[in-house]
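Note: the block below is run_27.txt and it holds compact mmCIF, C-alpha atoms.
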# COMPACT_ATOMS: atom_id res chain seq x y z
CA MET A 1 -30.79 7.69 18.39
CA SER A 2 -27.56 5.90 19.27
CA LYS A 3 -24.73 7.30 21.32
CA TRP A 4 -22.80 7.90 18.07
CA GLY A 5 -25.28 10.56 16.99
CA VAL A 6 -27.05 8.54 14.31
CA ALA A 7 -30.23 6.50 14.29
CA VAL A 8 -30.09 2.76 14.85
CA ILE A 9 -28.51 1.30 11.71
CA LYS A 10 -30.88 -0.74 9.53
CA LEU A 11 -28.82 -1.02 6.32
CA VAL A 12 -25.06 -1.46 5.88
CA ALA A 13 -23.45 -1.03 2.45
CA ILE A 14 -20.07 -2.76 2.18
CA ASP A 15 -17.49 -2.39 -0.57
CA ILE A 16 -15.70 -5.61 -1.58
CA ASP A 17 -12.09 -5.09 -2.69
CA GLY A 18 -9.96 -3.57 0.05
CA THR A 19 -12.91 -3.70 2.46
CA LEU A 20 -14.91 -6.94 2.73
CA VAL A 21 -11.96 -9.06 1.60
CA ASN A 22 -8.26 -9.04 2.43
CA GLU A 23 -5.48 -8.62 -0.11
CA GLU A 24 -5.84 -12.28 -1.09
CA LYS A 25 -9.51 -11.58 -1.95
CA ILE A 26 -10.64 -13.74 0.98
CA MET A 27 -13.46 -12.89 3.37
CA THR A 28 -12.19 -14.02 6.75
CA ALA A 29 -14.22 -16.21 9.10
CA LYS A 30 -14.56 -13.32 11.60
CA VAL A 31 -15.94 -10.94 8.98
CA LYS A 32 -18.36 -13.57 7.72
CA GLN A 33 -19.55 -14.49 11.23
CA THR A 34 -20.07 -10.86 12.21
CA ILE A 35 -22.05 -10.10 9.06
CA HIS A 36 -24.28 -13.08 9.84
CA LYS A 37 -24.81 -11.77 13.38
CA ALA A 38 -25.93 -8.43 11.94
CA MET A 39 -28.29 -10.12 9.47
CA ASP A 40 -29.71 -12.31 12.25
CA GLN A 41 -30.56 -9.09 14.13
CA GLY A 42 -32.50 -7.82 11.10
CA VAL A 43 -29.85 -5.53 9.63
CA LYS A 44 -29.85 -5.46 5.84
CA ILE A 45 -26.40 -6.03 4.33
CA VAL A 46 -25.83 -4.78 0.78
CA LEU A 47 -22.58 -5.39 -1.09
CA CYS A 48 -21.80 -2.22 -3.03
CA THR A 49 -18.93 -2.52 -5.50
CA GLY A 50 -17.41 -1.64 -8.83
CA ARG A 51 -17.48 -5.32 -9.79
CA PRO A 52 -20.08 -6.83 -12.13
CA ILE A 53 -22.57 -9.29 -10.65
CA ALA A 54 -20.47 -12.28 -11.77
CA GLY A 55 -17.60 -11.07 -9.59
CA ILE A 56 -19.87 -10.63 -6.56
CA MET A 57 -21.55 -14.05 -6.67
CA PRO A 58 -18.87 -15.98 -4.71
CA TYR A 59 -19.32 -13.64 -1.74
CA LEU A 60 -23.11 -13.69 -1.97
CA GLU A 61 -22.88 -17.49 -1.89
CA GLU A 62 -20.58 -17.44 1.14
CA LEU A 63 -22.98 -15.12 2.95
CA GLU A 64 -26.09 -16.96 1.73
CA MET A 65 -27.61 -13.66 0.59
CA PHE A 66 -30.34 -14.95 -1.70
CA LYS A 67 -33.49 -14.06 0.20
CA GLU A 68 -36.35 -12.24 -1.51
CA ASP A 69 -35.32 -8.92 0.04
CA ASP A 70 -31.56 -9.23 -0.66
CA PHE A 71 -30.03 -6.79 -3.13
CA VAL A 72 -26.61 -5.93 -4.49
CA ILE A 73 -25.25 -2.72 -6.02
CA SER A 74 -22.76 -3.35 -8.81
CA GLN A 75 -20.79 -1.42 -11.43
CA ASN A 76 -20.09 1.53 -9.11
CA GLY A 77 -23.79 2.15 -8.64
CA ALA A 78 -24.99 1.73 -12.22
CA VAL A 79 -26.95 -1.46 -11.46
CA ILE A 80 -29.11 -2.66 -8.55
CA THR A 81 -30.00 -6.36 -8.66
CA ARG A 82 -32.30 -8.57 -6.61
CA THR A 83 -30.05 -11.47 -5.74
CA ASP A 84 -32.52 -14.38 -5.54
CA THR A 85 -33.88 -13.92 -9.08
CA ARG A 86 -31.00 -11.91 -10.64
CA GLU A 87 -33.67 -9.39 -11.67
CA ILE A 88 -32.20 -5.96 -12.39
CA ILE A 89 -34.24 -3.48 -10.34
CA GLU A 90 -32.48 -0.32 -11.53
CA VAL A 91 -29.93 0.35 -14.26
CA TRP A 92 -28.37 3.58 -15.47
CA PRO A 93 -26.67 2.92 -18.84
CA PHE A 94 -24.12 5.02 -20.70
CA GLU A 95 -25.22 6.82 -23.87
CA LYS A 96 -23.22 5.53 -26.84
CA GLU A 97 -22.12 9.01 -27.88
CA MET A 98 -20.54 9.42 -24.46
CA ILE A 99 -18.63 6.17 -24.95
CA GLU A 100 -17.45 7.43 -28.33
CA THR A 101 -16.27 10.68 -26.74
CA LEU A 102 -14.19 8.84 -24.16
CA TYR A 103 -12.79 6.41 -26.72
CA ALA A 104 -11.68 9.29 -28.95
CA PHE A 105 -9.97 10.94 -25.98
CA GLY A 106 -8.21 7.70 -25.03
CA LYS A 107 -6.64 7.09 -28.44
CA ASP A 108 -3.69 9.31 -27.50
CA PHE A 109 -2.70 7.13 -24.54
CA SER A 110 -1.16 3.69 -24.06
CA ALA A 111 -3.69 2.68 -21.38
CA GLU A 112 -6.36 0.25 -22.57
CA PHE A 113 -9.95 1.46 -22.99
CA LEU A 114 -12.46 -0.96 -21.46
CA LEU A 115 -16.23 -1.21 -21.46
CA MET A 116 -18.51 -3.27 -19.25
CA ASN A 117 -22.07 -4.32 -18.52
CA GLU A 118 -23.33 -7.29 -16.50
CA GLU A 119 -22.74 -9.68 -19.39
CA HIS A 120 -19.60 -8.48 -21.19
CA PHE A 121 -16.17 -7.10 -20.33
CA TYR A 122 -14.66 -5.60 -23.50
CA MET A 123 -11.33 -4.13 -24.47
CA ILE A 124 -12.09 -1.74 -27.30
CA THR A 125 -9.58 -1.85 -30.14
CA PRO A 126 -9.52 -0.70 -33.79
CA ASP A 127 -7.97 -4.03 -34.86
CA GLU A 128 -9.30 -7.13 -33.10
CA GLU A 129 -6.97 -9.50 -34.95
CA ALA A 130 -3.77 -7.64 -34.10
CA ALA A 131 -4.64 -6.63 -30.54
CA GLU A 132 -3.39 -8.56 -27.51
CA ILE A 133 -4.78 -8.58 -24.00
CA ARG A 134 -2.18 -7.86 -21.33
CA PRO A 135 -1.71 -10.64 -18.77
CA GLU A 136 -2.55 -8.16 -16.00
CA LEU A 137 -5.85 -7.38 -17.72
CA GLN A 138 -6.60 -11.07 -18.13
CA GLY A 139 -6.00 -11.35 -14.39
CA GLU A 140 -8.49 -8.57 -13.74
CA GLY A 141 -11.05 -10.51 -15.76
CA GLU A 142 -10.38 -13.58 -13.65
CA THR A 143 -10.85 -11.55 -10.45
CA VAL A 144 -14.29 -10.31 -11.50
CA ARG A 145 -15.13 -13.69 -13.10
CA MET A 146 -15.77 -12.17 -16.51
CA PRO A 147 -13.20 -12.87 -19.25
CA VAL A 148 -12.00 -9.88 -21.24
CA GLU A 149 -13.16 -9.92 -24.86
CA LEU A 150 -11.86 -7.93 -27.81
CA THR A 151 -14.21 -5.83 -29.92
CA SER A 152 -14.31 -2.61 -31.89
CA LEU A 153 -16.51 0.38 -31.21
CA ALA A 154 -18.05 0.04 -34.67
CA THR A 155 -19.40 -3.44 -33.99
CA LEU A 156 -20.53 -2.74 -30.44
CA GLU A 157 -24.17 -3.48 -29.62
CA GLY A 158 -26.30 -3.24 -26.49
CA ASP A 159 -26.21 -1.03 -23.41
CA TYR A 160 -23.14 -0.52 -21.24
CA VAL A 161 -22.82 0.99 -17.80
CA LYS A 162 -19.13 1.68 -17.20
CA THR A 163 -15.96 2.56 -19.07
CA MET A 164 -12.43 2.19 -17.72
CA PHE A 165 -8.85 3.04 -18.55
CA PHE A 166 -6.51 0.21 -17.52
CA GLY A 167 -2.71 0.30 -17.36
CA ASN A 168 0.27 0.64 -15.06
CA THR A 169 0.35 3.47 -12.53
CA ALA A 170 2.27 5.83 -14.83
CA GLU A 171 -0.12 5.21 -17.73
CA ILE A 172 -3.18 5.94 -15.60
CA ASP A 173 -1.49 8.99 -14.07
CA GLU A 174 -1.04 10.30 -17.61
CA VAL A 175 -4.69 9.73 -18.53
CA GLU A 176 -5.98 11.25 -15.30
CA ALA A 177 -3.80 14.34 -15.64
CA ALA A 178 -5.09 14.93 -19.17
CA LEU A 179 -8.81 14.67 -18.40
CA PRO A 180 -10.51 17.88 -19.56
CA ALA A 181 -12.39 19.85 -16.93
CA GLU A 182 -15.65 19.34 -18.83
CA PHE A 183 -15.34 15.55 -18.33
CA TYR A 184 -15.80 16.07 -14.59
CA GLU A 185 -19.07 17.83 -15.38
CA ALA A 186 -20.25 15.21 -17.88
CA PHE A 187 -19.23 11.96 -16.13
CA SER A 188 -18.72 10.26 -12.76
CA ILE A 189 -14.96 9.68 -12.50
CA ALA A 190 -13.06 7.68 -9.88
CA ARG A 191 -9.48 6.40 -9.61
CA SER A 192 -10.49 3.17 -7.92
CA GLN A 193 -7.04 1.54 -8.12
CA ASN A 194 -3.58 2.75 -9.12
CA TYR A 195 -4.05 0.84 -12.36
CA LEU A 196 -7.72 1.66 -12.99
CA LEU A 197 -9.62 4.85 -13.79
CA GLU A 198 -13.36 4.19 -13.86
CA ILE A 199 -15.84 6.47 -15.64
CA GLY A 200 -19.62 6.19 -15.43
CA ALA A 201 -22.60 8.24 -16.51
CA LYS A 202 -23.17 11.61 -14.84
CA ASN A 203 -24.54 11.44 -11.29
CA VAL A 204 -24.33 7.63 -11.30
CA ASN A 205 -22.25 6.36 -8.40
CA LYS A 206 -22.43 4.14 -5.32
CA GLY A 207 -23.95 6.95 -3.28
CA THR A 208 -26.88 7.69 -5.58
CA ALA A 209 -27.64 3.97 -5.94
CA LEU A 210 -27.44 3.43 -2.18
CA LEU A 211 -29.86 6.27 -1.45
CA LYS A 212 -32.24 5.03 -4.16
CA LEU A 213 -32.26 1.52 -2.70
CA ALA A 214 -32.71 2.82 0.85
CA GLU A 215 -35.63 4.96 -0.30
CA ASP A 216 -37.25 1.98 -2.04
CA LEU A 217 -36.87 -0.06 1.17
CA GLY A 218 -38.27 2.70 3.38
CA ILE A 219 -34.98 3.19 5.23
CA ALA A 220 -33.96 6.71 6.20
CA ARG A 221 -30.54 8.07 5.28
CA ASP A 222 -29.47 8.34 8.92
CA GLU A 223 -30.25 4.62 9.34
CA VAL A 224 -27.65 3.73 6.66
CA MET A 225 -24.00 2.91 7.30
CA ALA A 226 -21.42 2.50 4.52
CA ILE A 227 -17.94 0.97 4.76
CA GLY A 228 -15.30 1.50 2.07
CA ASP A 229 -11.65 2.13 1.28
CA GLY A 230 -11.30 3.53 -2.26
CA ASN A 231 -12.01 6.73 -4.11
CA ASN A 232 -14.93 5.09 -5.90
CA ASP A 233 -16.49 4.77 -2.41
CA TYR A 234 -16.42 8.54 -1.88
CA ASP A 235 -20.05 9.23 -2.79
CA MET A 236 -21.26 6.20 -0.83
CA ILE A 237 -19.39 7.28 2.32
CA GLN A 238 -20.70 10.81 1.89
CA ALA A 239 -24.28 9.67 1.28
CA ALA A 240 -24.61 7.38 4.29
CA GLY A 241 -25.73 8.60 7.67
CA LEU A 242 -22.60 6.94 9.07
CA GLY A 243 -19.65 6.72 6.69
CA VAL A 244 -16.90 4.41 7.96
CA VAL A 245 -13.52 4.28 6.21
CA MET A 246 -11.01 1.45 6.43
CA GLU A 247 -7.57 2.06 7.92
CA ASN A 248 -6.18 1.13 4.49
CA GLY A 249 -8.45 3.68 2.80
CA THR A 250 -7.25 6.55 0.63
CA GLU A 251 -6.43 9.90 2.19
CA ARG A 252 -9.19 11.53 0.15
CA LEU A 253 -11.73 9.13 1.63
CA LYS A 254 -10.41 9.54 5.16
CA GLY A 255 -11.00 13.26 4.77
CA ILE A 256 -14.80 12.75 4.81
CA ALA A 257 -14.98 9.77 7.19
CA LYS A 258 -17.31 10.08 10.14
CA GLU A 259 -15.60 7.07 11.70
CA MET A 260 -12.59 4.86 11.02
CA THR A 261 -12.18 1.11 11.37
CA LEU A 262 -9.31 -1.37 11.17
CA SER A 263 -7.76 -2.44 7.87
CA ASN A 264 -9.00 -5.20 5.59
CA GLU A 265 -6.11 -7.31 6.86
CA ASN A 266 -7.40 -6.92 10.43
CA ASP A 267 -11.12 -7.68 10.01
CA GLY A 268 -12.07 -4.01 9.72
CA VAL A 269 -15.63 -4.75 8.57
CA ALA A 270 -16.23 -6.98 11.60
CA HIS A 271 -14.81 -4.31 13.91
CA ALA A 272 -17.13 -1.65 12.43
CA LEU A 273 -20.21 -3.85 12.72
CA GLU A 274 -19.40 -4.76 16.31
CA LYS A 275 -18.84 -1.13 17.26
CA PHE A 276 -21.62 0.65 15.38
CA VAL A 277 -24.29 -1.94 14.57
CA LEU A 278 -24.36 -4.91 16.93
CA LYS A 279 -23.99 -2.80 20.06
CA ASN A 280 -26.78 -0.54 18.81
CA LYS A 281 -29.09 -3.56 18.71
CA GLN A 282 -28.58 -4.57 22.31

The structure in this file should be written as structure tokens.
Amino acid sequence: MSKWGVAVIKLVAIDIDGTLVNEEKIMTAKVKQTIHKAMDQGVKIVLCTGRPIAGIMPYLEELEMFKEDDFVISQNGAVITRTDTREIIEVWPFEKEMIETLYAFGKDFSAEFLLMNEEHFYMITPDEEAAEIRPELQGEGETVRMPVELTSLATLEGDYVKTMFFGNTAEIDEVEAALPAEFYEAFSIARSQNYLLEIGAKNVNKGTALLKLAEDLGIARDEVMAIGDGNNDYDMIQAAGLGVVMENGTERLKGIAKEMTLSNENDGVAHALEKFVLKNKQ
């Protein structure tokens, strides 16, 4: 046991936006160097994010995380992928009737209804020819390196793992306030950004995926650390033996933090690794 009351950390799950990267979406040299120090000491680093795999690849490339035993958790825990082969190890898709339920609910609001898997990022619309994609939404597609496509629910094919409502803060406030109580029983719901309300299948979240991966790797829960900043990190922070929240994290997340670290503008991930992981290994 370490002096922080947890076992020596063997796995660290790190959120990307607001955590691994600064507000310019850049992973600083200090963060990168410290992560490499942890990996060199045998600590497994797992990026755990709401992004699809395409939006994670630039950071995997920077960190050179393509060994046989490297994994990534994407889509808020709906997908676990082996990075060297891009083989999907676990996936928890949405049932189509659940998508239809959410789409029907969303028709009364001005926020856009979005749907995603690891191959497609759709805006669902009843009229593909008349619909326009907001510039802000196009920008979101550029951030996650998956262009937004237009489609209708009637022509939709394949499995999908996450739905989202996208809009300005007021539009998402309106959607969130109107969510029926039964939705919180039927789905995993997280306000990940002021402009984004993400909804996944029931009991599918970063925390459940993290514990599943740790179990598969033979790593105990108290040997897992998680670092995050947003409400979609809540289950991950709660699941880990050591949940560390960024200084820029939400108040809800800070309420369950076992430890705090500096902000994403001040190399908070590096600070947490130095304090709770690297020192443990000495």

Mind dumping a table of every range 49-84 of chain A residue within 10 Å of range 208-220 of chain A, with the nearest atom pair and its distance in Å to one decimal, using only C-alpha atoms, sorted by chain and rising number, as JSON lines?
{"residue": "A:Asp69", "atom": "CA", "partner": "A:Leu217", "partner_atom": "CA", "distance": 9.1}
{"residue": "A:Phe71", "atom": "CA", "partner": "A:Leu213", "partner_atom": "CA", "distance": 8.6}
{"residue": "A:Val72", "atom": "CA", "partner": "A:Leu213", "partner_atom": "CA", "distance": 9.5}
{"residue": "A:Ile73", "atom": "CA", "partner": "A:Ala209", "partner_atom": "CA", "distance": 7.1}
{"residue": "A:Ser74", "atom": "CA", "partner": "A:Ala209", "partner_atom": "CA", "distance": 9.3}
{"residue": "A:Asn76", "atom": "CA", "partner": "A:Ala209", "partner_atom": "CA", "distance": 8.5}
{"residue": "A:Gly77", "atom": "CA", "partner": "A:Ala209", "partner_atom": "CA", "distance": 5.0}
{"residue": "A:Ala78", "atom": "CA", "partner": "A:Ala209", "partner_atom": "CA", "distance": 7.2}
{"residue": "A:Val79", "atom": "CA", "partner": "A:Ala209", "partner_atom": "CA", "distance": 7.8}
{"residue": "A:Ile80", "atom": "CA", "partner": "A:Ala209", "partner_atom": "CA", "distance": 7.3}

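Comparing A:Asn22, A:Asn205, A:Asn168, A:Thr34 by their smallest distance to Ala111 in chain A, the closest is A:Asn168 (using all atoms listed in the file).
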
Using all atoms listed in the file for the distances, tell me which of A:Ile227, A:Val204, A:Ala104, A:Ala131 is nearest to Lys254 in chain A.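 Answer, going by the shortest atom-to-atom distance: A:Ile227.
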
By how many Å are CA of Asn266 in chain A and CA of Gly167 in chain A apart?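 Between CA of Asn266 in chain A and CA of Gly167 in chain A the gap works out to 29.1 Å.
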
Within 7 Å of Pro52 in chain A, counting all atoms listed in the file, which residues qualify if same-chain residues fewer than 5 places away don't, as a PyMOL selection string? chain A and resi 74-75+118+144

Which of these residues is nearest to Gly268 in chain A, using only C-alpha atoms: A:Ile256, A:Ala190, A:Val244, A:Ala38? A:Val244

Nearest to Ala29 in chain A: which of A:Glu62, A:Glu182, A:Glu274, A:Asp229 is it, counting all atoms listed in the file? A:Glu62

Selection as a PDB file with C-alpha atoms, keeping the file's coordinate frame: residues within 12 Å of (-9.0, 7.3, -26.4), counting all atoms listed in the file:
ATOM      1  CA  MET A  98     -20.540   9.420 -24.460  1.00  0.00           C
ATOM      2  CA  ILE A  99     -18.630   6.170 -24.950  1.00  0.00           C
ATOM      3  CA  GLU A 100     -17.450   7.430 -28.330  1.00  0.00           C
ATOM      4  CA  THR A 101     -16.270  10.680 -26.740  1.00  0.00           C
ATOM      5  CA  LEU A 102     -14.190   8.840 -24.160  1.00  0.00           C
ATOM      6  CA  TYR A 103     -12.790   6.410 -26.720  1.00  0.00           C
ATOM      7  CA  ALA A 104     -11.680   9.290 -28.950  1.00  0.00           C
ATOM      8  CA  PHE A 105      -9.970  10.940 -25.980  1.00  0.00           C
ATOM      9  CA  GLY A 106      -8.210   7.700 -25.030  1.00  0.00           C
ATOM     10  CA  LYS A 107      -6.640   7.090 -28.440  1.00  0.00           C
ATOM     11  CA  ASP A 108      -3.690   9.310 -27.500  1.00  0.00           C
ATOM     12  CA  PHE A 109      -2.700   7.130 -24.540  1.00  0.00           C
ATOM     13  CA  SER A 110      -1.160   3.690 -24.060  1.00  0.00           C
ATOM     14  CA  ALA A 111      -3.690   2.680 -21.380  1.00  0.00           C
ATOM     15  CA  GLU A 112      -6.360   0.250 -22.570  1.00  0.00           C
ATOM     16  CA  PHE A 113      -9.950   1.460 -22.990  1.00  0.00           C
ATOM     17  CA  LEU A 114     -12.460  -0.960 -21.460  1.00  0.00           C
ATOM     18  CA  MET A 123     -11.330  -4.130 -24.470  1.00  0.00           C
ATOM     19  CA  ILE A 124     -12.090  -1.740 -27.300  1.00  0.00           C
ATOM     20  CA  THR A 125      -9.580  -1.850 -30.140  1.00  0.00           C
ATOM     21  CA  PRO A 126      -9.520  -0.700 -33.790  1.00  0.00           C
ATOM     22  CA  LEU A 153     -16.510   0.380 -31.210  1.00  0.00           C
ATOM     23  CA  THR A 163     -15.960   2.560 -19.070  1.00  0.00           C
ATOM     24  CA  MET A 164     -12.430   2.190 -17.720  1.00  0.00           C
ATOM     25  CA  PHE A 165      -8.850   3.040 -18.550  1.00  0.00           C
ATOM     26  CA  PHE A 166      -6.510   0.210 -17.520  1.00  0.00           C
ATOM     27  CA  VAL A 175      -4.690   9.730 -18.530  1.00  0.00           C
ATOM     28  CA  ALA A 178      -5.090  14.930 -19.170  1.00  0.00           C
ATOM     29  CA  LEU A 179      -8.810  14.670 -18.400  1.00  0.00           C
TER      30      LEU A 179
END

Pick from A:Pro180, A:Gly230, A:Cys48, A:Met225: nearest to Glu198 in chain A, with only C-alpha atoms counted? A:Gly230

With all atoms listed in the file as the basis for distance, which of A:Ile199, A:Leu60, A:Ala154, A:Leu137 is at the shortest distance from His36 in chain A?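 Checking each candidate against His36 in chain A, we get A:Leu60 as the closest.
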
Near Ala13 in chain A, counting only C-alpha atoms, which residues have an atom at most 10 Å away, once you skip same-chain residues fewer than 2 positions from it, shown as a list of chain:residue names? A:Leu11, A:Asp15, A:Ile16, A:Lys44, A:Ile45, A:Val46, A:Leu47, A:Cys48, A:Thr49, A:Val72, A:Ile73, A:Lys206, A:Gly207, A:Leu210, A:Val224, A:Met225, A:Ala226, A:Ile227, A:Gly228, A:Met236, A:Ile237, A:Ala240, A:Gly243

Rounded to one decimal in Å, what is the spacing between CA of Leu262 in chain A and CA of Asp222 in chain A?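 So the two atoms, CA of Leu262 in chain A and CA of Asp222 in chain A, lie 22.5 Å apart.
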
Protein/DNA/RNA residues near (-20.9, -14.8, -3.1), cut 12 Å, only C-alpha atoms, as a ChimeraX atom specification: /A:16,20-21,25-27,32,46-47,53-66,72,83-84,144-145

Point-to-point distance from CA of Lys37 in chain A to CA of Ser263 in chain A, Å rounded to tenths: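 For CA of Lys37 in chain A relative to CA of Ser263 in chain A, the distance reads 20.2 Å.
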
With N, CA, C and O atoms as the target, complete range 171-190 of chain A and hand it back as a short mmCIF file (atom, residue, chain, number, x, y, z; two decimals), in the frame of the given file.
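Dumped to out.cif:
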data_model
loop_
_atom_site.label_atom_id
_atom_site.label_comp_id
_atom_site.auth_asym_id
_atom_site.auth_seq_id
_atom_site.Cartn_x
_atom_site.Cartn_y
_atom_site.Cartn_z
N GLU A 171 0.82 5.04 -16.61
CA GLU A 171 -0.12 5.21 -17.73
C GLU A 171 -1.44 5.83 -17.26
O GLU A 171 -1.99 6.70 -17.93
N ILE A 172 -1.92 5.39 -16.11
CA ILE A 172 -3.18 5.94 -15.60
C ILE A 172 -2.97 7.35 -15.06
O ILE A 172 -3.85 8.22 -15.19
N ASP A 173 -1.81 7.62 -14.48
CA ASP A 173 -1.49 8.99 -14.07
C ASP A 173 -1.58 9.93 -15.26
O ASP A 173 -2.11 11.04 -15.16
N GLU A 174 -1.06 9.48 -16.39
CA GLU A 174 -1.04 10.30 -17.61
C GLU A 174 -2.46 10.58 -18.09
O GLU A 174 -2.80 11.71 -18.45
N VAL A 175 -3.30 9.55 -18.10
CA VAL A 175 -4.69 9.73 -18.53
C VAL A 175 -5.42 10.67 -17.58
O VAL A 175 -6.10 11.61 -18.02
N GLU A 176 -5.26 10.44 -16.29
CA GLU A 176 -5.98 11.25 -15.30
C GLU A 176 -5.57 12.72 -15.38
O GLU A 176 -6.41 13.63 -15.29
N ALA A 177 -4.29 12.96 -15.57
CA ALA A 177 -3.80 14.34 -15.64
C ALA A 177 -4.33 15.08 -16.87
O ALA A 177 -4.45 16.30 -16.86
N ALA A 178 -4.65 14.33 -17.92
CA ALA A 178 -5.09 14.93 -19.17
C ALA A 178 -6.60 15.09 -19.28
O ALA A 178 -7.10 15.67 -20.26
N LEU A 179 -7.35 14.59 -18.32
CA LEU A 179 -8.81 14.67 -18.40
C LEU A 179 -9.25 16.13 -18.47
O LEU A 179 -8.91 16.93 -17.60
N PRO A 180 -10.02 16.50 -19.47
CA PRO A 180 -10.51 17.88 -19.56
C PRO A 180 -11.47 18.20 -18.42
O PRO A 180 -12.16 17.31 -17.91
N ALA A 181 -11.52 19.44 -18.03
CA ALA A 181 -12.39 19.85 -16.93
C ALA A 181 -13.84 19.50 -17.22
O ALA A 181 -14.59 19.12 -16.31
N GLU A 182 -14.24 19.61 -18.49
CA GLU A 182 -15.65 19.34 -18.83
C GLU A 182 -16.03 17.87 -18.62
O GLU A 182 -17.21 17.55 -18.45
N PHE A 183 -15.03 16.97 -18.60
CA PHE A 183 -15.34 15.55 -18.33
C PHE A 183 -15.88 15.38 -16.91
O PHE A 183 -16.72 14.52 -16.66
N TYR A 184 -15.35 16.18 -15.97
CA TYR A 184 -15.80 16.07 -14.59
C TYR A 184 -17.23 16.57 -14.43
O TYR A 184 -17.91 16.22 -13.45
N GLU A 185 -17.69 17.37 -15.37
CA GLU A 185 -19.07 17.83 -15.38
C GLU A 185 -19.99 16.81 -16.07
O GLU A 185 -21.16 16.68 -15.72
N ALA A 186 -19.44 16.10 -17.05
CA ALA A 186 -20.25 15.21 -17.88
C ALA A 186 -20.31 13.77 -17.38
O ALA A 186 -21.24 13.03 -17.74
N PHE A 187 -19.34 13.35 -16.53
CA PHE A 187 -19.23 11.96 -16.13
C PHE A 187 -19.02 11.83 -14.62
O PHE A 187 -18.70 12.80 -13.93
N SER A 188 -19.16 10.61 -14.12
CA SER A 188 -18.72 10.26 -12.76
C SER A 188 -17.37 9.58 -12.90
O SER A 188 -17.27 8.54 -13.56
N ILE A 189 -16.33 10.15 -12.30
CA ILE A 189 -14.96 9.68 -12.50
C ILE A 189 -14.34 9.30 -11.17
O ILE A 189 -14.43 10.06 -10.20
N ALA A 190 -13.70 8.12 -11.12
CA ALA A 190 -13.06 7.68 -9.88
C ALA A 190 -11.80 6.88 -10.19
O ALA A 190 -11.85 5.95 -11.02
#
